[in-house]
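J.: What follows is entry17.txt, compact mmCIF, C-alpha atoms.
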```
# COMPACT_ATOMS: atom_id res chain seq x y z
CA SER A 1422 0.00 0.00 0.00
CA ASN A 1423 2.91 2.35 0.74
CA ILE A 1424 4.41 1.64 -2.67
CA LEU A 1425 1.07 2.26 -4.41
CA GLY A 1426 0.64 5.52 -2.51
CA PHE A 1427 4.15 6.57 -3.45
CA VAL A 1428 3.55 5.75 -7.12
CA SER A 1429 0.20 7.57 -7.21
CA SER A 1430 1.69 10.68 -5.59
CA THR A 1431 4.60 10.78 -8.00
CA GLN A 1432 2.30 10.22 -10.96
CA PHE A 1433 0.10 13.06 -9.69
CA PHE A 1434 3.15 15.30 -9.49
CA SER A 1435 4.36 14.37 -12.96
CA ILE A 1436 0.89 14.90 -14.48
CA HIS A 1437 0.53 18.34 -12.94
CA LYS A 1438 4.07 19.16 -13.95
CA LYS A 1439 3.19 18.37 -17.58
CA ARG A 1440 0.01 20.42 -17.34
CA MET A 1441 1.86 23.41 -15.84
CA PRO A 1442 3.04 25.98 -18.36
CA GLU A 1443 6.74 25.79 -19.12
CA SER A 1444 7.40 29.38 -18.12
CA ARG A 1445 5.64 28.89 -14.80
CA PHE A 1446 7.49 25.65 -14.11
CA ALA A 1447 10.78 27.27 -15.07
CA SER A 1448 10.13 30.13 -12.68
CA ALA A 1449 9.35 27.64 -9.96
CA ASP A 1450 12.64 25.86 -10.63
CA THR A 1451 14.57 29.11 -10.36
CA GLY A 1452 13.39 29.52 -6.78
CA THR A 1453 14.58 26.10 -5.67
CA THR A 1454 18.00 24.92 -4.66
CA PRO A 1455 19.98 22.33 -6.69
CA GLN A 1456 19.43 19.75 -3.93
CA GLN A 1457 15.67 20.18 -4.17
CA ARG A 1458 15.71 19.90 -7.97
CA ARG A 1459 17.86 16.80 -7.69
CA ALA A 1460 15.39 15.27 -5.20
CA VAL A 1461 12.54 15.92 -7.65
CA VAL A 1462 14.47 14.23 -10.47
CA ASP A 1463 15.24 11.21 -8.27
CA LEU A 1464 11.59 11.01 -7.27
CA GLU A 1465 10.51 10.96 -10.92
CA GLU A 1466 13.06 8.26 -11.79
CA GLU A 1467 11.92 6.06 -8.91
CA SER A 1468 8.28 6.49 -9.88
CA THR A 1469 9.09 5.58 -13.47
CA ALA A 1470 10.90 2.45 -12.32
CA LEU A 1471 7.95 1.40 -10.16
CA ILE A 1472 5.36 1.80 -12.92
CA PRO A 1473 4.69 -1.69 -14.39
CA THR A 1474 5.70 -2.15 -18.00
CA ALA A 1475 4.07 -4.34 -20.62
CA PRO A 1476 5.33 -7.96 -20.38
CA SER A 1477 7.42 -9.38 -23.18
CA PRO A 1478 6.08 -12.22 -25.37
CA ARG A 1479 8.24 -14.71 -23.47
CA GLU A 1480 6.92 -13.52 -20.13
CA ARG A 1481 3.33 -13.72 -21.42
CA SER A 1482 3.89 -17.31 -22.59
CA LEU A 1483 5.36 -18.27 -19.22
CA GLU A 1484 2.42 -16.67 -17.41
CA GLU A 1485 -0.08 -18.49 -19.63
CA LYS A 1486 1.76 -21.76 -19.06
CA SER A 1487 1.79 -21.31 -15.30
CA SER A 1488 -1.88 -20.29 -15.24
CA SER A 1489 -2.83 -23.32 -17.31
CA THR A 1490 -0.86 -25.51 -14.92
CA THR A 1491 -2.42 -24.13 -11.75
CA GLY A 1492 -5.88 -23.41 -13.12
CA GLY A 1493 -6.65 -26.92 -14.34
CA ILE A 1494 -5.27 -30.05 -15.91
CA THR A 1495 -2.34 -29.63 -18.27
CA SER A 1496 -2.10 -31.12 -21.74
CA MET A 1497 0.48 -33.63 -20.51
CA GLY A 1498 -1.80 -34.61 -17.63
CA LEU A 1499 -4.68 -35.08 -20.05
CA LYS A 1500 -2.54 -37.34 -22.24
CA VAL A 1501 -1.54 -39.40 -19.22
CA LEU A 1502 -5.18 -39.79 -18.19
CA VAL A 1503 -6.16 -40.93 -21.69
CA LEU A 1504 -3.30 -43.44 -21.80
CA LEU A 1505 -4.23 -44.69 -18.33
CA ALA A 1506 -7.86 -45.20 -19.38
CA VAL A 1507 -6.79 -47.06 -22.53
CA GLN A 1508 -4.34 -49.19 -20.54
CA ASN A 1509 -6.91 -50.18 -17.91
CA SER A 1510 -9.58 -50.96 -20.49
CA SER A 1511 -7.19 -52.98 -22.65
CA LYS A 1512 -5.91 -54.91 -19.64
CA ASN A 1513 -9.40 -55.87 -18.51
CA LEU A 1514 -10.47 -56.91 -22.01
CA LEU A 1515 -7.32 -58.97 -22.55
CA MET A 1516 -7.55 -60.66 -19.15
CA ARG A 1517 -11.23 -61.44 -19.74
CA TYR A 1518 -10.40 -62.94 -23.16
CA VAL A 1519 -7.73 -65.12 -21.58
CA MET A 1520 -9.75 -66.19 -18.53
CA LYS A 1521 -13.07 -66.71 -20.32
CA GLU A 1522 -12.29 -70.37 -21.06
CA LYS A 1523 -10.75 -70.78 -17.57
CA PRO A 1524 -7.35 -72.02 -18.74
CA ASN A 1525 -5.24 -74.23 -16.52
CA PHE A 1526 -2.29 -72.07 -15.46
CA LEU A 1527 -1.07 -70.42 -12.28
CA THR A 1528 -2.42 -66.90 -11.93
CA SER A 1529 0.48 -66.04 -9.63
CA ALA A 1530 2.89 -66.87 -12.47
CA ALA A 1531 1.02 -64.44 -14.73
CA VAL A 1532 1.25 -61.73 -12.06
CA ILE A 1533 4.98 -62.30 -11.58
CA GLY A 1534 5.49 -62.19 -15.35
CA SER A 1535 3.68 -58.85 -15.69
CA GLU A 1536 5.64 -57.37 -12.78
CA CYS A 1537 8.93 -58.55 -14.28
CA THR A 1538 7.94 -56.80 -17.52
CA LYS A 1539 7.34 -53.56 -15.59
CA LEU A 1540 10.69 -53.98 -13.82
CA THR A 1541 12.48 -54.46 -17.13
CA LEU A 1542 10.87 -51.41 -18.73
CA SER A 1543 11.62 -49.25 -15.68
CA THR A 1544 15.26 -50.37 -15.68
CA LEU A 1545 15.59 -49.60 -19.39
CA TYR A 1546 14.14 -46.14 -18.79
CA ILE A 1547 16.71 -45.44 -16.08
CA LEU A 1548 19.58 -46.72 -18.23
CA LEU A 1549 18.62 -45.25 -21.61
CA VAL A 1550 16.65 -42.10 -20.82
CA GLU A 1551 18.07 -40.91 -17.51
CA LYS A 1552 21.57 -42.19 -18.44
CA ASN A 1553 22.16 -43.77 -15.04
CA SER A 1554 23.87 -47.07 -14.26
CA ILE A 1555 22.84 -50.27 -12.53
CA ALA A 1556 25.11 -49.31 -9.64
CA SER A 1557 23.05 -46.16 -9.05
CA ILE A 1558 19.88 -48.26 -8.73
CA ILE A 1559 21.55 -50.58 -6.23
CA GLN A 1560 22.93 -47.63 -4.30
CA TYR A 1561 19.47 -46.06 -4.18
CA PHE A 1562 18.00 -49.18 -2.56
CA LYS A 1563 20.89 -49.31 -0.10
CA ASP A 1564 20.42 -45.70 0.94
CA ASP A 1565 16.64 -46.03 1.25
CA TRP A 1566 16.35 -49.61 2.49
CA LYS A 1567 13.82 -48.74 5.22
CA ASN A 1568 11.27 -47.38 2.75
CA THR A 1569 11.98 -50.33 0.46
CA LEU A 1570 10.98 -52.72 3.24
CA LEU A 1571 7.87 -50.68 3.98
CA VAL A 1572 6.85 -50.69 0.31
CA SER A 1573 7.01 -54.48 0.30
CA VAL A 1574 3.80 -54.56 2.37
CA PRO A 1575 1.53 -52.83 -0.21
CA ALA A 1576 3.43 -54.66 -2.96
CA SER A 1577 2.38 -57.99 -1.43
CA ALA A 1578 -1.21 -56.75 -1.17
CA TYR A 1579 -1.07 -55.70 -4.83
CA ASN A 1580 0.15 -59.17 -5.77
CA LEU A 1581 -2.86 -60.68 -3.99
CA GLN A 1582 -5.18 -58.17 -5.68
CA MET A 1583 -3.93 -59.01 -9.16
CA THR A 1584 -4.35 -62.74 -8.45
CA LEU A 1585 -7.94 -62.14 -7.36
CA GLU A 1586 -8.57 -60.07 -10.49
CA TYR A 1587 -7.76 -63.08 -12.65
CA ILE A 1588 -10.27 -65.13 -10.67
CA ALA A 1589 -12.90 -62.37 -10.92
CA LEU A 1590 -12.48 -61.98 -14.69
CA ALA A 1591 -12.98 -65.71 -15.07
CA ASN A 1592 -16.51 -65.27 -13.69
CA LEU A 1593 -17.48 -61.67 -14.70
CA ASP A 1594 -17.56 -59.83 -17.98
CA ALA A 1595 -15.06 -57.04 -18.54
CA ALA A 1596 -17.60 -54.16 -18.33
CA MET A 1597 -19.02 -55.19 -14.95
CA PHE A 1598 -15.55 -55.90 -13.59
CA SER A 1599 -14.30 -52.47 -14.69
CA VAL A 1600 -17.05 -50.78 -12.70
CA LEU A 1601 -16.90 -53.01 -9.63
CA VAL A 1602 -13.12 -52.74 -9.33
CA GLN A 1603 -13.47 -48.99 -8.82
CA THR A 1604 -15.01 -49.66 -5.40
CA LYS A 1605 -11.43 -49.82 -4.14
CA LEU A 1606 -11.48 -46.02 -4.23
CA LEU A 1607 -14.50 -46.00 -1.94
CA PHE A 1608 -12.89 -48.37 0.56
CA THR A 1609 -9.59 -46.49 0.38
CA ALA A 1610 -11.30 -43.19 1.20
CA THR A 1611 -13.33 -44.81 3.99
CA PHE A 1612 -10.32 -46.37 5.69
CA ALA A 1613 -8.28 -43.19 5.19
CA ALA A 1614 -10.96 -41.26 7.08
CA ILE A 1615 -11.32 -43.89 9.82
CA VAL A 1616 -7.75 -45.06 10.37
CA ILE A 1617 -5.64 -42.04 9.37
CA GLY A 1618 -8.23 -39.40 10.23
CA LYS A 1619 -8.00 -37.72 6.83
CA LYS A 1620 -10.72 -35.17 6.15
CA LEU A 1621 -12.36 -35.43 2.74
CA LYS A 1622 -13.19 -32.36 0.70
CA TYR A 1623 -16.72 -31.59 -0.45
CA ILE A 1624 -15.92 -32.40 -4.09
CA GLN A 1625 -14.31 -35.69 -3.02
CA VAL A 1626 -17.44 -36.74 -1.14
CA ILE A 1627 -19.57 -35.97 -4.21
CA SER A 1628 -17.21 -38.05 -6.37
CA LEU A 1629 -17.46 -40.99 -3.99
CA VAL A 1630 -21.27 -40.74 -3.96
CA LEU A 1631 -21.39 -40.74 -7.76
CA LEU A 1632 -19.02 -43.71 -7.81
CA THR A 1633 -21.24 -45.62 -5.41
CA VAL A 1634 -24.36 -44.83 -7.47
CA GLY A 1635 -22.58 -46.01 -10.62
CA VAL A 1636 -21.64 -49.31 -8.99
CA MET A 1637 -25.21 -49.83 -7.75
CA LEU A 1638 -26.61 -49.15 -11.22
CA CYS A 1639 -24.15 -51.61 -12.72
```
Let's see the structure in the file written out as structure tokens.

T.:
Amino acid sequence: SNILGFVSSTQFFSIHKKRMPESRFASADTGTTPQQRRAVVDLEEESTALIPTAPSPRERSLEEKSSSTTGGITSMGLKVLVLLAVQNSSKNLLMRYVMKEKPNFLTSAAVIGSECTKLTLSTLYILLVEKNSIASIIQYFKDDWKNTLLVSVPASAYNLQMTLEYIALANLDAAMFSVLVQTKLLFTATFAAIVIGKKLKYIQVISLVLLTVGVMLC
């Protein structure tokens, strides 16, 4: 507020200085000391520096990019969501096609095979894209071994979940399974509120209600 008041006062002075006749302003300058005239010049320079200038094209593009990032979903986020939807749908359809005839193979072996594929792709990404070595991966696990042990608990639960998904897709069609499997979000939010004490936002509660209605309609 002090800066705005300073800028407005200096702008007021400069406007009235421009409106004042030159002869009158010159006569006013003749009655002032050099220190006073120098103070007036410094005041005008500071006010000019404080007045906002028009942003450059690069600054405008950065502002638009930041506003699009904070104001809503970005284009990259939208692409990731589309790929995730395609991946989930394709996985359910493929698993249903495989399990429809109830083939005689170990579902745990299929889960381990899919996880090994993910591990291979992740390792290739680290080696080829990030240009890191195998030693860096090993060193990362050594430095963060406590979190690695903790992650093994949800990893084991995920292994059990994937095994049960094979059994479910052997008895349900892909469309019904895709809807019913989303109830994990409802249970996750419920246990997060009960066990962790996490407070849900209003929009999150509405989303969970719509999800529950969708499952009931299915």

J.: Do a neighbour search on A:Lys1521 at 9 Å with all atoms listed in the file, toss out local chain neighbours closer than 5 positions, and write the hits as a tab-separated table (two decimals) with C-alpha atoms, in the coordinates of the input.

T.:
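Wrote it out as part.tsv, contents follow:
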```
chain	number	residue	atom	x	y	z
A	1516	MET	CA	-7.55	-60.66	-19.15
A	1590	LEU	CA	-12.48	-61.98	-14.69
A	1591	ALA	CA	-12.98	-65.71	-15.07
A	1592	ASN	CA	-16.51	-65.27	-13.69
A	1593	LEU	CA	-17.48	-61.67	-14.70
A	1594	ASP	CA	-17.56	-59.83	-17.98
```

J.: Atom CA of A:Ile1588 to atom CA of A:Glu1522: how many Å, to one decimal?

T.: 11.8 Å

J.: Can you measure atom CA of A:Ala1530 to atom CA of A:Leu1606 for me? One decimal in Å is fine.

T.: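 These atoms are spaced 26.6 Å apart.
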
J.: Find the residues of stretch 1587-1619 of chain A that sit at most 12 Å from stretch 1491-1511 of chain A; for each, write down the nearest two atoms and how far apart they are in Å, to one decimal. Count only C-alpha atoms. Sort by chain, then by number going up, and give it as a Markdown table.

T.:
```
| residue | atom | partner | partner_atom | distance |
| --- | --- | --- | --- | --- |
| A:Ala1595 | CA | A:Ser1510 | CA | 8.4 |
| A:Ala1596 | CA | A:Ser1510 | CA | 8.9 |
| A:Met1597 | CA | A:Ser1510 | CA | 11.7 |
| A:Phe1598 | CA | A:Ser1510 | CA | 10.4 |
| A:Ser1599 | CA | A:Ser1510 | CA | 7.6 |
| A:Val1600 | CA | A:Ser1510 | CA | 10.8 |
| A:Val1602 | CA | A:Asn1509 | CA | 10.9 |
| A:Gln1603 | CA | A:Asn1509 | CA | 11.3 |
```

J.: Go ahead and write the selection's residues with C-alpha atoms as a PDB file, in the frame of the given file.

T.:
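So selection-v1.pdb came out as:
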```pdb
ATOM      1  CA  ALA A1595     -15.060 -57.040 -18.540  1.00  0.00           C
ATOM      2  CA  ALA A1596     -17.600 -54.160 -18.330  1.00  0.00           C
ATOM      3  CA  MET A1597     -19.020 -55.190 -14.950  1.00  0.00           C
ATOM      4  CA  PHE A1598     -15.550 -55.900 -13.590  1.00  0.00           C
ATOM      5  CA  SER A1599     -14.300 -52.470 -14.690  1.00  0.00           C
ATOM      6  CA  VAL A1600     -17.050 -50.780 -12.700  1.00  0.00           C
ATOM      7  CA  VAL A1602     -13.120 -52.740  -9.330  1.00  0.00           C
ATOM      8  CA  GLN A1603     -13.470 -48.990  -8.820  1.00  0.00           C
TER       9      GLN A1603
END
```

J.: Given all atoms listed in the file as the basis, pick out the residue of A:Ile1624, A:Ala1614, A:Ile1533, A:Val1630 nearest to A:Met1583.

T.: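 Residue with the minimum atom-to-atom distance to A:Met1583: A:Ile1533.
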
J.: What separation in Å, quoted to one decimal, exists between atom CA of A:Leu1549 and atom CA of A:Tyr1561?

T.: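 Spanning atom CA of A:Leu1549 to atom CA of A:Tyr1561 is a straight-line distance of 17.5 Å.
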
J.: Between A:Phe1526, A:Val1532, A:Leu1629, A:Gly1635, which one has atoms that come closest to A:Phe1608, using only C-alpha atoms?

T.: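 For A:Phe1608, the nearest of the candidates is A:Leu1629.
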
J.: From (1.9, -62.8, -7.5), in the file's coordinates, out to 12 Å: which residues are reached, counting only C-alpha atoms? Answer as an MDAnalysis selection string.

T.: chainID A and resid 1527:1537 1576:1587
